[in-house]
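Engineer: My structure is stored as run-v3.txt, with compact mmCIF, C-alpha atoms and all ligand atoms.
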# COMPACT_ATOMS: atom_id res chain seq x y z
CA MET Y 13 4.39 18.69 5.27
CA ILE Y 14 3.71 22.34 4.60
CA VAL Y 15 0.18 22.81 3.30
CA THR Y 16 -0.47 25.72 0.99
CA LEU Y 17 -3.46 26.42 -1.22
CA LEU Y 18 -1.99 26.25 -4.68
CA LEU Y 19 -4.95 25.81 -6.98
CA GLY Y 20 -4.67 28.20 -9.88
CA CYS Y 21 -0.89 27.92 -10.04
CA PRO Y 22 0.27 26.63 -13.43
CA ASP Y 23 2.75 24.05 -12.16
CA ALA Y 24 2.86 21.59 -9.32
CA PRO Y 25 5.67 22.15 -6.80
CA THR Y 26 8.96 20.42 -7.52
CA PRO Y 27 8.74 16.95 -5.96
CA GLU Y 28 10.77 16.49 -2.78
CA VAL Y 29 10.36 12.88 -1.77
CA ASP Y 30 10.96 12.15 1.90
CA TYR Y 31 8.26 9.66 2.81
CA SER Y 32 8.76 6.52 4.86
CA LEU Y 33 8.57 3.36 2.78
CA LEU Y 34 6.67 0.51 4.44
CA ARG Y 35 6.68 -2.97 2.90
CA PRO Y 36 4.23 -5.87 3.49
CA ASP Y 37 6.51 -7.43 6.13
CA SER Y 38 5.62 -4.52 8.43
CA ALA Y 39 1.87 -5.32 8.29
CA ASP Y 40 -0.09 -6.51 11.35
CA ALA Y 41 -2.02 -9.26 9.47
CA THR Y 42 -2.24 -10.77 6.02
CA ALA Y 43 -4.51 -13.01 3.96
CA ALA Y 44 -3.81 -14.58 0.59
CA LEU Y 45 -4.95 -17.21 -1.85
CA ALA Y 46 -2.45 -19.66 -3.35
CA THR Y 47 -4.32 -20.23 -6.60
CA SER Y 48 -3.18 -18.83 -9.95
CA GLY Y 49 -5.41 -16.24 -11.55
CA SER Y 50 -7.71 -15.78 -8.57
CA ARG Y 51 -6.87 -12.10 -8.06
CA PHE Y 52 -7.92 -12.22 -4.40
CA GLY Y 53 -8.48 -8.66 -3.22
CA ALA Y 54 -9.78 -7.35 -6.57
CA GLY Y 55 -12.89 -6.31 -4.63
CA LEU Y 56 -12.82 -5.03 -1.04
CA ARG Y 57 -15.36 -3.50 1.35
CA ALA Y 58 -15.47 -3.13 5.14
CA VAL Y 59 -18.85 -3.65 6.83
CA ASP Y 60 -20.10 -4.36 10.35
CA PHE Y 61 -22.60 -7.17 9.64
CA ASP Y 62 -23.26 -8.17 13.23
CA GLY Y 63 -23.29 -4.63 14.66
CA ASN Y 64 -20.70 -5.30 17.38
CA GLY Y 65 -18.51 -2.33 16.48
CA VAL Y 66 -15.85 -4.49 14.84
CA ASP Y 67 -15.85 -4.62 11.05
CA GLU Y 68 -16.00 -7.62 8.82
CA LEU Y 69 -14.34 -7.49 5.44
CA LEU Y 70 -15.86 -8.47 2.10
CA VAL Y 71 -13.16 -9.66 -0.28
CA GLY Y 72 -13.75 -10.44 -3.94
CA THR Y 73 -11.70 -12.44 -6.42
CA GLY Y 74 -11.60 -12.18 -10.18
CA PRO Y 75 -12.56 -11.77 -12.84
CA THR Y 76 -11.28 -15.18 -13.91
CA THR Y 77 -12.10 -16.17 -17.45
CA ASP Y 78 -8.96 -17.79 -18.75
CA VAL Y 79 -7.09 -19.46 -15.88
CA GLU Y 80 -7.85 -23.11 -15.16
CA GLY Y 81 -8.66 -23.75 -11.50
CA ALA Y 82 -8.81 -20.10 -10.45
CA GLU Y 83 -10.99 -19.22 -7.47
CA SER Y 84 -14.26 -17.50 -8.33
CA SER Y 85 -15.62 -16.59 -4.92
CA THR Y 86 -16.33 -13.83 -2.43
CA TRP Y 87 -15.14 -14.13 1.15
CA VAL Y 88 -16.13 -12.61 4.46
CA LEU Y 89 -13.11 -12.16 6.73
CA ASP Y 90 -12.75 -11.02 10.32
CA GLY Y 91 -11.66 -7.40 9.95
CA ALA Y 92 -9.02 -7.54 12.68
CA SER Y 93 -7.35 -10.93 12.14
CA LEU Y 94 -8.24 -11.40 8.44
CA THR Y 95 -9.30 -14.98 9.21
CA PRO Y 96 -12.10 -16.37 6.97
CA LEU Y 97 -15.66 -16.44 8.32
CA ALA Y 98 -17.61 -17.43 5.21
CA ARG Y 99 -17.19 -18.02 1.48
CA PHE Y 100 -19.72 -17.51 -1.32
CA GLU Y 101 -19.96 -18.35 -4.97
CA GLY Y 102 -19.00 -15.75 -7.54
CA ALA Y 103 -16.12 -13.37 -8.16
CA ALA Y 104 -16.56 -9.70 -7.22
CA THR Y 105 -14.77 -6.52 -8.18
CA ALA Y 106 -17.55 -4.27 -6.80
CA LEU Y 107 -19.14 -4.86 -3.40
CA SER Y 108 -21.65 -3.06 -1.21
CA ALA Y 109 -23.47 -4.06 1.98
CA GLY Y 110 -26.78 -3.04 3.50
CA MET Y 111 -29.87 -4.07 5.44
CA THR Y 112 -33.21 -5.55 4.39
CA ASP Y 113 -36.31 -6.13 6.56
CA ALA Y 114 -35.05 -9.71 6.97
CA GLY Y 115 -31.47 -8.81 7.95
CA PRO Y 116 -28.10 -7.99 6.46
CA VAL Y 117 -27.37 -8.36 2.76
CA PHE Y 118 -24.49 -7.71 0.43
CA VAL Y 119 -24.40 -7.33 -3.32
CA SER Y 120 -21.44 -8.28 -5.46
CA ALA Y 121 -20.66 -7.60 -9.08
CA VAL Y 122 -17.95 -8.40 -11.56
CA SER Y 123 -17.67 -5.11 -13.40
CA TRP Y 124 -17.91 -5.23 -17.15
CA GLU Y 125 -14.66 -5.18 -19.11
CA PRO Y 126 -13.92 -5.80 -22.78
CA ALA Y 127 -12.30 -9.19 -22.13
CA LEU Y 128 -15.53 -10.42 -20.58
CA GLU Y 129 -18.70 -11.00 -22.53
CA SER Y 130 -20.86 -10.10 -19.58
CA ALA Y 131 -20.79 -8.93 -15.98
CA THR Y 132 -22.57 -10.62 -13.11
CA LEU Y 133 -24.66 -9.20 -10.26
CA ARG Y 134 -25.39 -11.26 -7.14
CA ARG Y 135 -27.01 -10.78 -3.73
CA VAL Y 136 -26.17 -12.71 -0.58
CA ASP Y 137 -28.74 -12.58 2.22
CA ASP Y 138 -27.82 -13.10 5.88
CA PRO Y 139 -24.17 -13.86 5.04
CA LEU Y 140 -23.10 -14.69 8.60
CA GLY Y 141 -26.38 -16.34 9.65
CA PRO Y 142 -27.14 -20.07 9.86
CA SER Y 143 -28.50 -20.35 6.32
CA PRO Y 144 -27.27 -17.64 3.97
CA THR Y 145 -28.64 -17.55 0.42
CA THR Y 146 -26.89 -16.48 -2.78
CA THR Y 147 -29.01 -15.26 -5.70
CA LEU Y 148 -27.78 -14.47 -9.20
CA LEU Y 149 -29.69 -11.32 -10.22
CA GLY Y 150 -28.25 -10.87 -13.69
CA MET Y 151 -25.42 -11.46 -16.11
CA ASP Y 152 -25.00 -8.17 -17.95
CA ARG Y 153 -24.43 -4.42 -18.01
CA VAL Y 154 -22.97 -3.81 -14.54
CA ASN Y 155 -20.12 -1.42 -13.76
CA ASP Y 156 -20.63 -0.66 -10.07
CA VAL Y 157 -23.11 -1.28 -7.26
CA THR Y 158 -24.14 0.72 -4.19
CA LEU Y 159 -26.59 -0.05 -1.39
CA ALA Y 160 -28.06 2.94 0.48
CA ASP Y 161 -31.47 3.89 1.86
CA LEU Y 162 -32.57 6.39 -0.76
CA ASP Y 163 -36.33 6.40 -0.10
CA GLY Y 164 -36.10 6.76 3.68
CA ASP Y 165 -37.91 3.54 4.67
CA GLY Y 166 -34.96 2.21 6.65
CA ALA Y 167 -34.11 -0.56 4.16
CA SER Y 168 -31.27 -0.46 1.66
CA ASP Y 169 -32.01 0.38 -1.95
CA LEU Y 170 -29.84 -0.87 -4.79
CA VAL Y 171 -28.12 1.42 -7.30
CA VAL Y 172 -26.51 -0.17 -10.35
CA ALA Y 173 -24.18 1.83 -12.56
CA SER Y 174 -24.87 0.33 -15.96
CA LEU Y 175 -23.20 0.19 -19.33
CA GLU Y 176 -26.48 1.34 -20.88
CA GLN Y 177 -25.93 4.98 -19.84
CA GLY Y 178 -27.92 4.81 -16.63
CA LEU Y 179 -27.91 4.65 -12.89
CA TYR Y 180 -30.71 2.20 -12.10
CA VAL Y 181 -32.25 2.92 -8.69
CA TYR Y 182 -34.40 0.21 -7.13
CA SER Y 183 -36.68 0.46 -4.10
CA GLY Y 184 -35.15 -2.38 -2.12
CA LEU Y 185 -33.45 -5.04 -4.25
CA PRO Y 186 -34.73 -6.26 -7.63
CA GLU Y 187 -35.71 -9.85 -8.42
CA THR Y 188 -33.60 -9.76 -11.56
CA PHE Y 189 -31.38 -7.28 -13.38
CA PRO Y 190 -31.94 -5.63 -15.79
CA GLU Y 191 -35.45 -7.07 -16.26
CA SER Y 192 -37.02 -5.78 -13.02
CA PRO Y 193 -38.29 -2.21 -13.54
CA PRO Y 194 -36.34 0.34 -11.47
CA MET Y 195 -37.86 3.05 -9.29
CA ALA Y 196 -35.78 5.55 -11.26
CA GLN Y 197 -33.30 5.64 -14.10
CA LEU Y 198 -30.78 8.51 -14.12
CA THR Y 199 -28.75 9.39 -17.20
CA ALA Y 200 -25.80 11.56 -18.22
CA PHE Y 201 -25.60 13.48 -21.51
CA ASP Y 202 -23.23 11.27 -23.48
CA SER Y 203 -21.54 8.78 -21.18
CA HIS Y 204 -22.42 5.75 -19.14
CA PHE Y 205 -21.57 5.68 -15.45
CA LEU Y 206 -18.51 3.72 -14.39
CA SER Y 207 -18.99 4.39 -10.67
CA ALA Y 208 -21.76 5.21 -8.20
CA ALA Y 209 -21.86 6.40 -4.59
CA ALA Y 210 -24.45 7.74 -2.16
CA MET Y 211 -23.42 10.54 0.18
CA ASP Y 212 -24.88 13.65 1.79
CA VAL Y 213 -23.00 16.33 -0.16
CA ASP Y 214 -24.87 19.30 1.40
CA GLY Y 215 -25.19 18.04 4.97
CA ASP Y 216 -29.01 18.17 5.17
CA GLY Y 217 -29.26 14.57 6.39
CA VAL Y 218 -30.50 13.19 3.05
CA ASP Y 219 -28.14 11.33 0.73
CA GLU Y 220 -27.53 12.53 -2.79
CA LEU Y 221 -26.58 10.04 -5.50
CA LEU Y 222 -23.29 10.47 -7.37
CA GLY Y 223 -22.42 8.95 -10.72
CA GLY Y 224 -18.99 9.02 -12.37
CA ALA Y 225 -19.59 9.68 -16.08
CA TRP Y 226 -15.99 9.04 -17.01
CA MET Y 227 -16.37 9.46 -20.81
CA GLU Y 228 -18.45 12.65 -20.61
CA ASP Y 229 -17.48 15.55 -22.90
CA ASP Y 230 -17.38 19.04 -21.43
CA PRO Y 231 -19.48 21.06 -23.94
CA GLU Y 232 -17.46 24.23 -23.22
CA ALA Y 233 -14.04 22.60 -23.48
CA ASP Y 234 -12.32 20.31 -25.97
CA ARG Y 235 -14.87 17.51 -25.93
CA GLN Y 236 -12.06 15.09 -25.20
CA GLU Y 237 -13.83 12.89 -22.71
CA GLU Y 238 -12.92 15.14 -19.81
CA GLY Y 239 -15.28 13.13 -17.65
CA ALA Y 240 -17.72 14.43 -15.05
CA VAL Y 241 -19.38 13.59 -11.76
CA TYR Y 242 -23.16 13.95 -11.68
CA VAL Y 243 -25.03 14.73 -8.48
CA PHE Y 244 -28.71 13.73 -8.37
CA GLU Y 245 -31.03 14.45 -5.44
CA ALA Y 246 -34.09 12.74 -3.96
CA PRO Y 247 -36.82 11.91 -4.61
CA PHE Y 248 -35.72 9.38 -7.22
CA SER Y 249 -38.51 8.30 -9.53
CA GLY Y 250 -39.08 7.70 -13.22
CA ASP Y 251 -36.71 8.87 -15.91
CA VAL Y 252 -34.29 11.51 -14.65
CA ALA Y 253 -32.45 13.30 -17.45
CA ALA Y 254 -28.98 14.80 -17.29
CA SER Y 255 -30.56 18.26 -17.30
CA ASP Y 256 -32.39 17.35 -14.08
CA ALA Y 257 -29.13 16.73 -12.23
CA ARG Y 258 -28.55 18.89 -9.19
CA ALA Y 259 -24.94 19.44 -10.28
CA VAL Y 260 -22.53 18.39 -13.02
CA VAL Y 261 -18.85 18.75 -12.15
CA TYR Y 262 -16.45 18.39 -15.08
CA GLY Y 263 -12.84 17.33 -14.94
CA THR Y 264 -10.25 18.11 -17.57
CA ARG Y 265 -8.16 16.34 -20.14
CA HIS Y 266 -4.43 16.13 -19.67
CA VAL Y 267 -1.65 17.11 -22.08
CA ALA Y 268 1.87 15.84 -21.39
CA ASN Y 269 4.89 15.41 -23.66
CA GLY Y 270 2.78 16.19 -26.70
CA PHE Y 271 0.20 13.51 -25.93
CA ILE Y 272 -3.42 14.21 -25.09
CA TYR Y 273 -5.00 11.99 -22.49
CA GLU Y 274 -8.71 11.71 -21.87
CA GLY Y 275 -9.68 12.99 -18.46
CA GLU Y 276 -11.70 9.96 -17.38
CA THR Y 277 -12.86 11.98 -14.38
CA GLY Y 278 -15.14 9.91 -12.18
CA ARG Y 279 -13.49 6.52 -12.72
CA ARG Y 280 -14.06 6.16 -8.98
CA VAL Y 281 -16.09 8.32 -6.58
CA SER Y 282 -16.37 8.01 -2.80
CA ASP Y 283 -17.21 9.95 0.36
CA GLY Y 284 -14.02 11.38 1.85
CA GLY Y 285 -15.56 12.99 4.92
CA ASP Y 286 -14.86 16.62 5.82
CA LEU Y 287 -11.23 17.13 4.77
CA ASP Y 288 -11.02 20.88 5.48
CA GLY Y 289 -13.25 21.21 8.54
CA ASP Y 290 -15.88 23.49 6.94
CA GLY Y 291 -18.72 21.13 7.90
CA LEU Y 292 -19.30 19.74 4.40
CA PRO Y 293 -17.89 16.43 3.15
CA GLU Y 294 -15.50 16.25 0.25
CA THR Y 295 -15.95 13.73 -2.57
CA LEU Y 296 -12.87 11.74 -3.58
CA ILE Y 297 -12.72 11.54 -7.39
CA ALA Y 298 -10.30 9.49 -9.48
CA ALA Y 299 -9.39 10.58 -13.00
CA LYS Y 300 -6.93 9.02 -15.43
CA THR Y 301 -3.92 11.07 -14.33
CA TRP Y 302 -5.09 12.87 -11.22
CA PHE Y 303 -6.94 12.43 -8.00
CA TRP Y 304 -9.33 15.16 -6.85
CA GLY Y 305 -10.99 16.11 -3.58
CA ALA Y 306 -13.90 18.56 -3.81
CA SER Y 307 -17.12 19.55 -2.06
CA LEU Y 308 -20.01 18.90 -4.45
CA ALA Y 309 -22.55 20.83 -2.36
CA ALA Y 310 -23.05 23.66 -4.88
CA ARG Y 311 -25.66 23.38 -7.60
CA GLY Y 312 -25.27 23.71 -11.35
CA THR Y 313 -22.38 23.23 -13.75
CA GLN Y 314 -18.90 23.47 -12.26
CA ARG Y 315 -15.32 22.59 -13.11
CA LEU Y 316 -12.86 20.89 -10.79
CA THR Y 317 -10.03 23.10 -12.07
CA GLU Y 318 -11.90 26.07 -10.60
CA MET Y 319 -13.36 24.71 -7.38
CA ALA Y 320 -11.54 21.59 -6.15
CA LEU Y 321 -9.97 21.64 -2.69
CA LEU Y 322 -7.27 19.20 -3.69
CA ARG Y 323 -5.51 17.77 -6.72
CA LEU Y 324 -2.89 15.03 -6.44
CA ASP Y 325 -0.70 13.92 -9.33
CA GLY Y 326 0.78 10.45 -9.65
CA GLU Y 327 4.40 10.21 -8.55
CA ASP Y 328 5.42 8.77 -11.92
CA GLY Y 329 2.68 10.16 -14.15
CA HIS Y 330 -0.56 8.62 -15.31
CA HIS Y 331 0.71 5.02 -15.28
CA ASP Y 332 0.34 5.13 -11.49
CA GLU Y 333 -3.47 5.21 -11.64
CA PRO Y 334 -3.68 7.46 -8.56
CA GLY Y 335 -7.01 7.21 -6.79
CA GLU Y 336 -7.94 3.76 -8.08
CA SER Y 337 -8.69 3.36 -4.37
CA ALA Y 338 -8.95 6.02 -1.65
CA ALA Y 339 -10.18 6.48 1.91
CA THR Y 340 -9.87 8.83 4.87
CA LEU Y 341 -9.31 8.22 8.57
CA ASP Y 342 -7.55 9.98 11.43
CA VAL Y 343 -4.29 8.02 11.54
CA ASP Y 344 -2.41 10.19 14.05
CA GLY Y 345 -5.39 10.95 16.29
CA ASP Y 346 -5.17 14.75 16.05
CA GLY Y 347 -8.87 15.03 15.17
CA VAL Y 348 -8.14 15.88 11.53
CA LEU Y 349 -8.89 13.37 8.77
CA ASP Y 350 -5.87 11.96 6.96
CA LEU Y 351 -5.98 10.72 3.38
CA LEU Y 352 -4.97 7.39 1.84
CA VAL Y 353 -4.61 7.20 -1.95
CA GLY Y 354 -3.97 3.92 -3.75
CA ALA Y 355 -1.96 3.87 -6.97
CA PRO Y 356 -1.65 0.25 -8.19
CA GLY Y 357 0.82 1.21 -10.92
CA ALA Y 358 3.14 3.21 -8.63
CA GLN Y 359 6.83 2.38 -8.81
CA VAL Y 360 9.63 1.65 -6.39
CA SER Y 361 13.15 1.63 -7.85
CA GLY Y 362 11.75 1.68 -11.36
CA TYR Y 363 9.42 -1.31 -10.96
CA PRO Y 364 5.62 -0.97 -10.91
CA VAL Y 365 4.76 -2.66 -7.63
CA GLY Y 366 1.76 -0.59 -6.55
CA ALA Y 367 1.47 1.65 -3.51
CA VAL Y 368 -0.82 3.42 -1.08
CA TYR Y 369 0.19 6.92 -0.01
CA LEU Y 370 -0.67 8.38 3.39
CA LEU Y 371 -1.05 12.17 3.58
CA TYR Y 372 -1.67 13.84 6.94
CA GLY Y 373 -4.53 16.33 6.95
CA PRO Y 374 -5.53 18.99 6.53
CA VAL Y 375 -4.44 18.58 2.94
CA SER Y 376 -5.37 20.98 0.15
CA GLY Y 377 -3.90 22.46 -3.00
CA GLN Y 378 -2.05 20.83 -5.87
CA TRP Y 379 0.65 18.29 -5.13
CA ASP Y 380 2.70 15.46 -6.48
CA LEU Y 381 1.78 12.41 -4.40
CA GLY Y 382 5.42 11.61 -3.72
CA ALA Y 383 6.04 15.11 -2.38
CA ALA Y 384 2.92 15.27 -0.22
CA ALA Y 385 2.99 11.79 1.32
CA GLU Y 386 4.38 10.96 4.76
CA VAL Y 387 4.23 7.20 4.26
CA LYS Y 388 4.25 5.03 1.15
CA LEU Y 389 3.00 1.47 1.59
CA ALA Y 390 4.48 -0.47 -1.30
CA ALA Y 391 4.49 -4.07 -2.51
CA ALA Y 392 7.67 -6.15 -2.52
CA THR Y 393 7.52 -7.45 -6.09
CA PRO Y 394 6.57 -6.04 -9.52
CA ASP Y 395 2.98 -6.16 -10.77
CA ASP Y 396 1.48 -6.89 -7.36
CA GLU Y 397 -0.92 -3.97 -7.97
CA LEU Y 398 -0.89 -3.04 -4.30
CA GLY Y 399 -3.47 -0.30 -3.78
CA ALA Y 400 -5.91 -1.58 -6.39
CA THR Y 401 -8.32 -1.67 -3.45
CA LEU Y 402 -8.26 -0.41 0.13
CA ALA Y 403 -10.65 -0.20 3.07
CA VAL Y 404 -10.62 1.34 6.54
CA VAL Y 405 -11.58 -1.22 9.19
CA ARG Y 406 -12.64 -0.76 12.82
CA GLY Y 407 -11.02 -3.42 14.99
CA PRO Y 408 -11.10 -4.07 18.75
CA ASP Y 409 -7.86 -2.10 19.10
CA GLY Y 410 -8.83 0.83 16.89
CA LEU Y 411 -8.71 1.68 13.22
CA GLY Y 412 -6.67 0.00 10.55
CA VAL Y 413 -6.21 0.02 6.82
CA VAL Y 414 -6.58 -3.08 4.64
CA VAL Y 415 -4.84 -2.89 1.28
CA GLY Y 416 -5.51 -5.25 -1.63
CA ALA Y 417 -2.86 -6.43 -4.07
CA PRO Y 418 -4.66 -8.73 -6.55
CA GLY Y 419 -1.59 -9.19 -8.76
CA THR Y 420 0.50 -10.76 -5.99
CA GLN Y 421 2.25 -14.02 -6.82
CA ALA Y 422 2.12 -16.94 -4.36
CA GLY Y 423 5.02 -19.30 -4.99
CA SER Y 424 4.69 -20.23 -8.65
CA ASP Y 425 1.04 -19.11 -8.75
CA THR Y 426 0.74 -15.81 -10.60
CA GLU Y 427 -1.98 -13.25 -9.87
CA ALA Y 428 -3.09 -15.20 -6.81
CA GLY Y 429 -3.70 -12.02 -4.80
CA ALA Y 430 -3.18 -10.90 -1.20
CA LEU Y 431 -4.35 -8.44 1.46
CA TRP Y 432 -2.43 -6.71 4.21
CA LEU Y 433 -3.70 -4.93 7.31
CA TRP Y 434 -1.78 -2.08 8.86
CA GLY Y 435 -3.04 -0.73 12.18
CA ALA Y 436 -3.12 3.05 12.58
CA ALA Y 437 -0.36 2.83 15.19
CA VAL Y 438 2.05 1.25 12.71
CA LEU Y 439 1.16 3.82 10.06
CA ALA Y 440 1.62 6.71 12.48
CA GLY Y 441 4.98 5.28 13.57
CA GLY Y 442 6.08 4.91 9.95
CA CA E 1 -35.11 2.12 1.22
CA CA E 2 -28.23 16.00 1.11
CA CA E 3 -15.23 20.14 3.70
CA CA E 4 -5.02 13.21 11.52
How does the structure come out when it is put into structure tokens?
Ligand SMILES: [Ca+2]
Ligand SMILES: [Ca+2]
Ligand SMILES: [Ca+2]
Ligand SMILES: [Ca+2]

Structural biologist:
Amino acid sequence: MIVTLLLGCPDAPTPEVDYSLLRPDSADATAALATSGSRFGAGLRAVDFDGNGVDELLVGTGPTTDVEGAESSTWVLDGASLTPLARFEGAATALSAGMTDAGPVFVSAVSWEPALESATLRRVDDPLGPSPTTTLLGMDRVNDVTLADLDGDGASDLVVASLEQGLYVYSGLPETFPESPPMAQLTAFDSHFLSAAAMDVDGDGVDELLGGAWMEDDPEADRQEEGAVYVFEAPFSGDVAASDARAVVYGTRHVANGFIYEGETGRRVSDGGDLDGDGLPETLIAAKTWFWGASLAARGTQRLTEMALLRLDGEDGHHDEPGESAATLDVDGDGVLDLLVGAPGAQVSGYPVGAVYLLYGPVSGQWDLGAAAEVKLAAATPDDELGATLAVVRGPDGLGVVVGAPGTQAGSDTEAGALWLWGAAVLAGG
């Protein structure tokens, strides 16, 4: 791939698709549920609970409101073999893991969606210990959850992205949500936060808190729900208004074929590591039609169209949902981070099967995903939604990528869900 800085150019380069296509039968390991409607793999997070250098994998099902007999549970799998280690009550589309004074903990949430009356938030203490405990913290107003030590006491603090316009920041974990008073409540101007992440955007050793305000209007643009990512900085206490944010980074709406699409910038946000080697990490940001990579270290109001390192367009337009999942790792071992972008609506031969694209770094500029990718991991059958989730796992033999496909059918069981693990060696050979 030839990498050229193209931001500012009016049009993306003409797509030239020459990636390798890898199907699930090339994977090193797989896990699946054979129960209709379970949507195994709808939530996914890698974590090293026992600190032995080999990751475990948190896998959520759901949400399951209308299918009789569907699984509503969260699993811990061995990150290398994908064999089950433990199973807990409750579906989960959002997952985060951390540490309390008493040991490891993870939080799980079923994110709110219109089909569901409410969303649940749970904590599981000591999940791989002799007597783990599951606690239901609340039944409402959850979009996303993040555990990170935001007050510097060594224990994880819970951040809940809520439907009620706020990021709720707790010192430690609350007894109940939303009744327990938070340490701080952070708000955007006119949107709630759909996503939350903690990362050190300026490299000073202290995490900032990011919130994806996906329905936010850019006051200097068309007010068409361009969407924005807010950056808040410590200390977190009391009510923190939008005007107190360290930075607000707006996306843009999208016009194609006479239709106007909301930007929905910030649908997902995550730490991408240092993609361009300048010492500062890039934030991976999903929008409705595009996927962005940008350093959010600068202060004040900014626009991704003017400062992003990277913009990737879906191979087949906005139906692909590019960036619904994303992660970075060094697949080919050249010391430069490579990028994985999930697009659960991506097509193969005209069918929406879902895919994860691998792009070798350094990657910058404006590209069509199909033109920029070296490898496309794609599902075998339509509506598998491969790439809805993905996670990088550390195994005994090195790094791998686990990809979730919650729409996968098992026999006659629809939307049963599956996971596949590809080791870096297979990806690099692809
Ligand atoms: Ca703490
Ligand atoms: Ca910082
Ligand atoms: Ca960088
Ligand atoms: Ca690399």

Engineer: Residues within 6 Å of ligand CA 2 (chain E) should be enumerated using only C-alpha atoms and all ligand atoms and returned as a short mmCIF file (atom, residue, chain, number, x, y, z; two decimals) with C-alpha atoms, in the frame of the given file.

Structural biologist:
data_model
loop_
_atom_site.label_atom_id
_atom_site.label_comp_id
_atom_site.auth_asym_id
_atom_site.auth_seq_id
_atom_site.Cartn_x
_atom_site.Cartn_y
_atom_site.Cartn_z
CA ASP Y 212 -24.88 13.65 1.79
CA VAL Y 213 -23.00 16.33 -0.16
CA ASP Y 214 -24.87 19.30 1.40
CA GLY Y 215 -25.19 18.04 4.97
CA ASP Y 216 -29.01 18.17 5.17
CA GLY Y 217 -29.26 14.57 6.39
CA VAL Y 218 -30.50 13.19 3.05
CA ASP Y 219 -28.14 11.33 0.73
CA GLU Y 220 -27.53 12.53 -2.79
#

Engineer: Go through the chains and note each residue within 6 Å of ligand CA 1 (chain E), using only C-alpha atoms and all ligand atoms, then give the set as a list of chain:residue names.

Structural biologist: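 Counting only C-alpha atoms and all ligand atoms, the residues within 6 Å of ligand CA 1 (chain E) come out as Y:Asp161, Y:Leu162, Y:Asp163, Y:Gly164, Y:Asp165, Y:Gly166, Y:Ala167, Y:Ser168, Y:Asp169, Y:Ser183, Y:Gly184.
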
Engineer: Write out as a Markdown table the residues of chain Y that have any atom within 12 Å of an atom of ligand CA 3 (chain E), one row each with the nearest atom pair and its distance in Å to one decimal, counting all atoms listed in the file, sorted by chain and then rising number.

Structural biologist:
| residue | atom | partner | partner_atom | distance |
| --- | --- | --- | --- | --- |
| Y:Asp212 | CA | E:CA3 | CA | 11.8 |
| Y:Val213 | CA | E:CA3 | CA | 9.5 |
| Y:Asp214 | CA | E:CA3 | CA | 9.9 |
| Y:Gly215 | CA | E:CA3 | CA | 10.3 |
| Y:Asp283 | CA | E:CA3 | CA | 10.9 |
| Y:Gly284 | CA | E:CA3 | CA | 9.0 |
| Y:Gly285 | CA | E:CA3 | CA | 7.3 |
| Y:Asp286 | CA | E:CA3 | CA | 4.1 |
| Y:Leu287 | CA | E:CA3 | CA | 5.1 |
| Y:Asp288 | CA | E:CA3 | CA | 4.6 |
| Y:Gly289 | CA | E:CA3 | CA | 5.3 |
| Y:Asp290 | CA | E:CA3 | CA | 4.7 |
| Y:Gly291 | CA | E:CA3 | CA | 5.5 |
| Y:Leu292 | CA | E:CA3 | CA | 4.1 |
| Y:Pro293 | CA | E:CA3 | CA | 4.6 |
| Y:Glu294 | CA | E:CA3 | CA | 5.2 |
| Y:Thr295 | CA | E:CA3 | CA | 9.0 |
| Y:Leu296 | CA | E:CA3 | CA | 11.4 |
| Y:Gly305 | CA | E:CA3 | CA | 9.3 |
| Y:Ala306 | CA | E:CA3 | CA | 7.8 |
| Y:Ser307 | CA | E:CA3 | CA | 6.1 |
| Y:Leu308 | CA | E:CA3 | CA | 9.5 |
| Y:Ala309 | CA | E:CA3 | CA | 9.5 |
| Y:Ala320 | CA | E:CA3 | CA | 10.6 |
| Y:Leu321 | CA | E:CA3 | CA | 8.4 |
| Y:Leu322 | CA | E:CA3 | CA | 10.9 |
| Y:Val348 | CA | E:CA3 | CA | 11.4 |
| Y:Leu349 | CA | E:CA3 | CA | 10.6 |
| Y:Gly373 | CA | E:CA3 | CA | 11.8 |
| Y:Pro374 | CA | E:CA3 | CA | 10.2 |
| Y:Val375 | CA | E:CA3 | CA | 10.9 |
| Y:Ser376 | CA | E:CA3 | CA | 10.5 |

Engineer: Using only C-alpha atoms and all ligand atoms, which protein or nucleic acid residues are at most 9 Å from ligand CA 4 (chain E), as a ChimeraX atom specification?

Structural biologist: /Y:341-351,371-374

Engineer: Find the residues around Y:Gly326 up to 7 Å (all atoms listed in the file counted), leave out those fewer than 2 positions away in its own chain, and share them as a ChimeraX atom specification.

Structural biologist: /Y:301-302,324,328-330,332,334,380-381

Engineer: Of the candidates Y:Val404, Y:Ala44, Y:Ala298, Y:Ala428, which shows the shortest atom-to-atom distance to Y:Leu69, using all atoms listed in the file?

Structural biologist: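 Answer, going by the shortest atom-to-atom distance: Y:Val404.
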
Engineer: Which of these residues is nearest to Y:Val387, using only C-alpha atoms: Y:Gly441, Y:Gly102, Y:Pro194, Y:Gly362?

Structural biologist: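 Comparing Y:Gly441, Y:Gly102, Y:Pro194, Y:Gly362 against Y:Val387, the winner is Y:Gly441.
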